[in-house]
Amino acid sequence: MSIISRKTFVKSIGLCTALTAMGNIHEGFYFIPSHLDIENQLTKSGVCAYSENTVKNLYLGVGDPGLKVGQALLDRTQKINITCGNAFPIQQFNPGNNQINGLIADANFVFLVGSIKDRDFWTARELILSHNIFLLYTVIIDDGNPRLSAKGFKVNKNEGCVFIPEKNYENPAALAVHSLFSMLMMPGMVCVDGSDIKNVIGGQGGYMVHTACSYKDSHDVFKKTICICKPHIQTANCILFHIMYDEIIDYTLDDMTVLVDTVDECCSYDTEILWTSTEPLNLGADFRASLFIPFSS
């Protein structure tokens with residue numbers, strides 16, 4: 001048996017898809033990412049029978065930044081057709097709201113958005129990490145140098161942090177949350193599960209880069225973006241890469257492989273690249289790509 005590098009192995013298994021089929025052959029099947037752990041939740045009509053209090057994902061905004069990003073997310077996610085409705089509840093944190101604690105307890109994935117200068121941000125983060133959640137995705141709006149702030153921020157092992165400059169932060173922050181939410185919840189040509197994502201971003205602090213363009217220009221625009229980020233990609237131990245394309249565009253697996261190879265060429269030998277693709281909904285472009293690039297230690 002030949003020996004291959006971890007990088008080659010991860011790149012190869014990225015082509016595999018793990019979905020759970022639910023339903024029956026007469027009424028039709030629902031294909032759901034296996035990591036969601038949905039057990040016997042379908043009614044005879046094929047509709048999820050969740051109780052009203054069951055939450056799998058939770059957005060928790062803190063202060064004015066959390067409120068603005070939450071509103072931007074409502075505009076982006078309102079057209080997403082998830083099998084189980086209300087899959088992404090958006091809440092504003094209030095220390096006096098006792099219901100928040102219950103929502104966190106029911107969530108597997110929590111998205112926290114706020115400023116590290118806001119005392120309520122630290123209160124909310126401490127409350128979330130006191131629960132046995134699977135993954136906390138923290139989006140920090142920083143009015144200084146994100147790289148310097150990241151050095152003094154201790155990331156929890158069950159947490160991935162994205163630092164975003166304060167200037168015009170609403171759209172980049174909303175895209176950062178929307179991208180990870182789509183990777184977790186939306187089946188695509190290449191699917192990953194929550195454990196894969198946690199293995200890549202868990203305990204990491206970094207930034208995200210987003211591109212948006214037409215299908216025709218997607219390769220050229222993406223190459224220019226990678227060229228700008230190349231110094232950081234070269235020192236990264238992992239990359240989370242999300243490709244989004246409009247359903248009317250015939251974006252093939254070969255097209256995606258070209259983009260992944262563009263990133264791969266900039267990485268060191270043992271860099272782990274986790275990538276997936278989903279259709280973008282209400283994103284205003286034929287093609288979008290998002291990369292999570294961790295800050296080097």
# chains A, B, ... in the order shown; residues from 1 in each chain; ligands from 1
>>> residues_around(residues="A:Leu184", least_positions_apart="2", cutoff="8 Å", atoms="only C-alpha atoms", output="number ranges by chain")
A: 33, 180-182, 186, 192-194
>>> write_last_selection(atoms="N, CA and C atoms", output="PDB file, in the first residue's frame")
ATOM      1  N   PRO A  33     -27.844  16.338   6.058  1.00  0.00           N
ATOM      2  CA  PRO A  33     -26.486  16.074   6.547  1.00  0.00           C
ATOM      3  C   PRO A  33     -26.504  15.207   7.801  1.00  0.00           C
ATOM      4  N   LEU A 180     -20.749  29.820   7.081  1.00  0.00           N
ATOM      5  CA  LEU A 180     -20.642  28.639   7.936  1.00  0.00           C
ATOM      6  C   LEU A 180     -22.000  27.980   8.132  1.00  0.00           C
ATOM      7  N   PHE A 181     -23.052  28.780   8.275  1.00  0.00           N
ATOM      8  CA  PHE A 181     -24.402  28.232   8.410  1.00  0.00           C
ATOM      9  C   PHE A 181     -24.760  27.390   7.182  1.00  0.00           C
ATOM     10  N   SER A 182     -24.428  27.883   5.983  1.00  0.00           N
ATOM     11  CA  SER A 182     -24.714  27.146   4.760  1.00  0.00           C
ATOM     12  C   SER A 182     -23.932  25.844   4.696  1.00  0.00           C
ATOM     13  N   MET A 186     -26.833  23.258   4.427  1.00  0.00           N
ATOM     14  CA  MET A 186     -27.276  23.137   3.041  1.00  0.00           C
ATOM     15  C   MET A 186     -26.505  22.050   2.309  1.00  0.00           C
ATOM     16  N   VAL A 192     -19.701  18.581   3.786  1.00  0.00           N
ATOM     17  CA  VAL A 192     -18.902  18.295   4.971  1.00  0.00           C
ATOM     18  C   VAL A 192     -19.846  18.272   6.160  1.00  0.00           C
ATOM     19  N   ASP A 193     -19.378  17.764   7.273  1.00  0.00           N
ATOM     20  CA  ASP A 193     -20.228  17.762   8.457  1.00  0.00           C
ATOM     21  C   ASP A 193     -19.613  18.634   9.544  1.00  0.00           C
ATOM     22  N   GLY A 194     -20.351  18.757  10.641  1.00  0.00           N
ATOM     23  CA  GLY A 194     -19.930  19.636  11.724  1.00  0.00           C
ATOM     24  C   GLY A 194     -18.602  19.245  12.335  1.00  0.00           C
TER      25      GLY A 194
END
>>> residues_around(residues="stretch 114-122 of chain A", least_positions_apart="3", cutoff="7 Å", atoms="only C-alpha atoms", output="list of chain:residue names")
A:Gly61, A:Val62, A:Gly63, A:Pro65, A:Gly66, A:Arg125, A:Glu126, A:Val139, A:Ile140, A:Ile141, A:Asp142
>>> write_last_selection(atoms="N, CA and C atoms", output="JSON list (two decimals), in the first residue's frame")
[["chain", "number", "residue", "atom", "x", "y", "z"],
["A", 61, "GLY", "N", -26.67, 38.03, 18.94],
["A", 61, "GLY", "CA", -26.02, 39.31, 18.71],
["A", 61, "GLY", "C", -25.89, 40.09, 20.01],
["A", 62, "VAL", "N", -24.79, 40.83, 20.14],
["A", 62, "VAL", "CA", -24.55, 41.63, 21.33],
["A", 62, "VAL", "C", -24.34, 43.08, 20.91],
["A", 63, "GLY", "N", -25.08, 43.98, 21.53],
["A", 63, "GLY", "CA", -24.92, 45.40, 21.26],
["A", 63, "GLY", "C", -25.34, 45.79, 19.86],
["A", 65, "PRO", "N", -23.47, 46.21, 17.07],
["A", 65, "PRO", "CA", -22.95, 45.36, 15.99],
["A", 65, "PRO", "C", -23.76, 44.08, 15.80],
["A", 66, "GLY", "N", -24.10, 43.42, 16.91],
["A", 66, "GLY", "CA", -24.87, 42.19, 16.82],
["A", 66, "GLY", "C", -26.25, 42.42, 16.24],
["A", 125, "ARG", "N", -20.45, 35.31, 26.00],
["A", 125, "ARG", "CA", -19.50, 34.25, 25.63],
["A", 125, "ARG", "C", -19.27, 33.29, 26.78],
["A", 126, "GLU", "N", -19.13, 33.82, 27.99],
["A", 126, "GLU", "CA", -18.94, 32.97, 29.16],
["A", 126, "GLU", "C", -20.17, 32.08, 29.38],
["A", 139, "VAL", "N", -17.82, 35.91, 16.01],
["A", 139, "VAL", "CA", -17.45, 36.95, 15.06],
["A", 139, "VAL", "C", -17.21, 38.23, 15.85],
["A", 140, "ILE", "N", -15.98, 38.68, 15.88],
["A", 140, "ILE", "CA", -15.59, 39.82, 16.70],
["A", 140, "ILE", "C", -15.39, 41.05, 15.82],
["A", 141, "ILE", "N", -16.13, 42.12, 16.12],
["A", 141, "ILE", "CA", -15.97, 43.39, 15.41],
["A", 141, "ILE", "C", -14.92, 44.19, 16.16],
["A", 142, "ASP", "N", -13.81, 44.49, 15.48],
["A", 142, "ASP", "CA", -12.65, 45.09, 16.13],
["A", 142, "ASP", "C", -12.37, 46.47, 15.54]]
>>> closest_atom_pairs(of="stretch 83-170 of chain A", to="stretch 199-205 of chain A", cutoff="12 Å", atoms="only C-alpha atoms", output="Markdown table")
| residue | atom | partner | partner_atom | distance |
| --- | --- | --- | --- | --- |
| A:Phe134 | CA | A:Gly202 | CA | 10.0 |
| A:Leu135 | CA | A:Gly202 | CA | 7.6 |
| A:Leu136 | CA | A:Gly202 | CA | 8.6 |
| A:Tyr137 | CA | A:Ile201 | CA | 8.9 |
| A:Thr138 | CA | A:Gly205 | CA | 9.2 |
| A:Val139 | CA | A:Gly205 | CA | 9.8 |
| A:Ile140 | CA | A:Gly205 | CA | 10.0 |
| A:Pro146 | CA | A:Gly205 | CA | 9.9 |
| A:Arg147 | CA | A:Gly205 | CA | 9.1 |
| A:Leu148 | CA | A:Gly205 | CA | 11.2 |
| A:Ser149 | CA | A:Gly205 | CA | 9.9 |
| A:Ala150 | CA | A:Gly205 | CA | 6.4 |
| A:Lys151 | CA | A:Gly205 | CA | 8.7 |
| A:Gly152 | CA | A:Gly205 | CA | 10.6 |
| A:Phe153 | CA | A:Gly205 | CA | 8.3 |
| A:Lys154 | CA | A:Gly203 | CA | 8.5 |
| A:Val155 | CA | A:Gly203 | CA | 5.2 |
| A:Asn156 | CA | A:Gly203 | CA | 5.3 |
| A:Lys157 | CA | A:Gly203 | CA | 4.2 |
| A:Asn158 | CA | A:Gly202 | CA | 5.4 |
| A:Glu159 | CA | A:Gly202 | CA | 5.1 |
| A:Gly160 | CA | A:Gly202 | CA | 5.0 |
| A:Cys161 | CA | A:Gly205 | CA | 4.5 |
| A:Val162 | CA | A:Gly205 | CA | 5.9 |
| A:Phe163 | CA | A:Gly205 | CA | 7.4 |
| A:Ile164 | CA | A:Gly205 | CA | 11.1 |
>>> residues_around(residues="A:Ala174", least_positions_apart="3", cutoff="9 Å", atoms="only C-alpha atoms", output="list in words")
Val69, Gly70, Gln71, Ala72, Leu73, Arg76, Tyr169, Glu170, Asn171, Val177, His178 and Ser179 of chain A
>>> write_last_selection(atoms="N, CA and C atoms", output="compact mmCIF listing (two decimals), in the first residue's frame")
# COMPACT_ATOMS: atom_id res chain seq x y z
N VAL A 69 -25.82 43.16 12.30
CA VAL A 69 -25.48 41.94 11.56
C VAL A 69 -26.66 40.97 11.54
N GLY A 70 -27.38 40.90 12.66
CA GLY A 70 -28.56 40.05 12.71
C GLY A 70 -29.61 40.46 11.71
N GLN A 71 -29.80 41.76 11.56
CA GLN A 71 -30.77 42.25 10.58
C GLN A 71 -30.32 41.92 9.16
N ALA A 72 -29.02 42.04 8.90
CA ALA A 72 -28.50 41.68 7.58
C ALA A 72 -28.69 40.19 7.30
N LEU A 73 -28.55 39.37 8.32
CA LEU A 73 -28.74 37.93 8.15
C LEU A 73 -30.20 37.58 7.85
N ARG A 76 -30.72 37.77 4.32
CA ARG A 76 -30.04 36.75 3.54
C ARG A 76 -30.67 35.36 3.69
N TYR A 169 -18.47 46.88 8.61
CA TYR A 169 -18.41 45.49 9.05
C TYR A 169 -19.66 44.68 8.77
N GLU A 170 -20.81 45.31 8.55
CA GLU A 170 -22.07 44.58 8.50
C GLU A 170 -22.08 43.46 7.46
N ASN A 171 -21.69 43.80 6.22
CA ASN A 171 -21.74 42.80 5.15
C ASN A 171 -20.72 41.67 5.34
N VAL A 177 -21.05 34.58 8.91
CA VAL A 177 -22.03 33.72 9.58
C VAL A 177 -22.81 32.90 8.55
N HIS A 178 -23.25 33.56 7.49
CA HIS A 178 -24.04 32.89 6.46
C HIS A 178 -23.26 31.75 5.81
N SER A 179 -21.97 31.95 5.59
CA SER A 179 -21.15 30.93 4.95
C SER A 179 -21.07 29.66 5.79
>>> closest_residue(among="A:Thr225, A:Ser296, A:Thr278, A:Asn132", to="A:Val263", atoms="only C-alpha atoms")
A:Thr225
>>> atom_distance(atom1="atom CA of A:Ala289", atom2="atom CA of A:His210")
5.6 Å
>>> select_by_dssp(residues="stretch 26-269 of chain A", states="strand (DSSP E)", output="PyMOL selection string")
chain A and resi 28-33+57-61+90-92+109-115+135-142+159-165+204-213+238-245
>>> select_by_dssp(residues="stretch 104-237 of chain A", states="alpha helix (DSSP H)", output="VMD selection string")
chain A and resid 104 to 106 119 to 129 146 to 151 170 to 185 194 to 201 218 to 235
>>> write_last_selection(atoms="C-alpha atoms", output="compact mmCIF listing (two decimals), in the first residue's frame")
# COMPACT_ATOMS: atom_id res chain seq x y z
CA ILE A 104 -28.24 28.13 24.24
CA ALA A 105 -28.77 24.84 26.07
CA ASP A 106 -30.77 23.49 23.11
CA ARG A 119 -18.93 43.99 28.61
CA ASP A 120 -22.08 42.10 27.58
CA PHE A 121 -20.05 40.32 24.87
CA TRP A 122 -17.86 38.68 27.49
CA THR A 123 -20.90 37.83 29.61
CA ALA A 124 -22.62 36.19 26.64
CA ARG A 125 -19.50 34.25 25.63
CA GLU A 126 -18.94 32.97 29.16
CA LEU A 127 -22.58 31.87 29.34
CA ILE A 128 -22.37 30.02 26.01
CA LEU A 129 -19.14 28.22 26.92
CA PRO A 146 -7.57 42.41 14.25
CA ARG A 147 -4.26 40.54 14.11
CA LEU A 148 -3.01 42.22 17.28
CA SER A 149 -6.34 41.68 19.02
CA ALA A 150 -6.26 37.99 18.10
CA LYS A 151 -2.92 37.53 19.86
CA GLU A 170 -22.07 44.58 8.50
CA ASN A 171 -21.74 42.80 5.15
CA PRO A 172 -18.48 40.88 5.87
CA ALA A 173 -19.80 39.76 9.27
CA ALA A 174 -23.13 38.61 7.82
CA LEU A 175 -21.28 36.71 5.07
CA ALA A 176 -19.02 35.04 7.65
CA VAL A 177 -22.03 33.72 9.58
CA HIS A 178 -24.04 32.89 6.46
CA SER A 179 -21.15 30.93 4.95
CA LEU A 180 -20.64 28.64 7.94
CA PHE A 181 -24.40 28.23 8.41
CA SER A 182 -24.71 27.15 4.76
CA MET A 183 -21.86 24.67 5.12
CA LEU A 184 -23.59 23.12 8.11
CA MET A 185 -27.15 23.06 6.84
CA GLY A 194 -19.93 19.64 11.72
CA SER A 195 -17.08 17.48 12.99
CA ASP A 196 -14.99 18.28 9.92
CA ILE A 197 -15.55 22.01 10.38
CA LYS A 198 -14.80 21.85 14.10
CA ASN A 199 -11.54 19.99 13.44
CA VAL A 200 -10.43 22.83 11.17
CA ILE A 201 -11.55 25.98 13.00
CA SER A 218 -14.87 33.64 -11.23
CA HIS A 219 -11.49 31.99 -11.88
CA ASP A 220 -9.61 35.23 -12.57
CA VAL A 221 -11.14 37.13 -9.66
CA PHE A 222 -10.45 34.25 -7.28
CA LYS A 223 -6.80 34.03 -8.38
CA LYS A 224 -6.32 37.74 -7.66
CA THR A 225 -7.86 37.29 -4.20
CA ILE A 226 -5.58 34.36 -3.41
CA CYS A 227 -2.56 36.34 -4.59
CA ILE A 228 -3.34 39.08 -2.04
CA CYS A 229 -3.77 36.54 0.78
CA LYS A 230 -0.86 34.30 -0.25
CA PRO A 231 1.53 35.29 2.59
CA HIS A 232 -1.09 34.33 5.19
CA ILE A 233 -2.15 31.15 3.37
CA GLN A 234 1.47 29.98 3.22
CA THR A 235 1.77 30.03 7.03
>>> atom_distance(atom1="atom CA of A:Pro165", atom2="atom CA of A:Asn145")
7.3 Å
>>> atom_distance(atom1="atom CA of A:Gln99", atom2="atom CA of A:Lys56")
15.5 Å
>>> closest_residue(among="A:Tyr215, A:Lys167, A:Asp270, A:Asp75", to="A:Ile249", atoms="only C-alpha atoms")
A:Tyr215
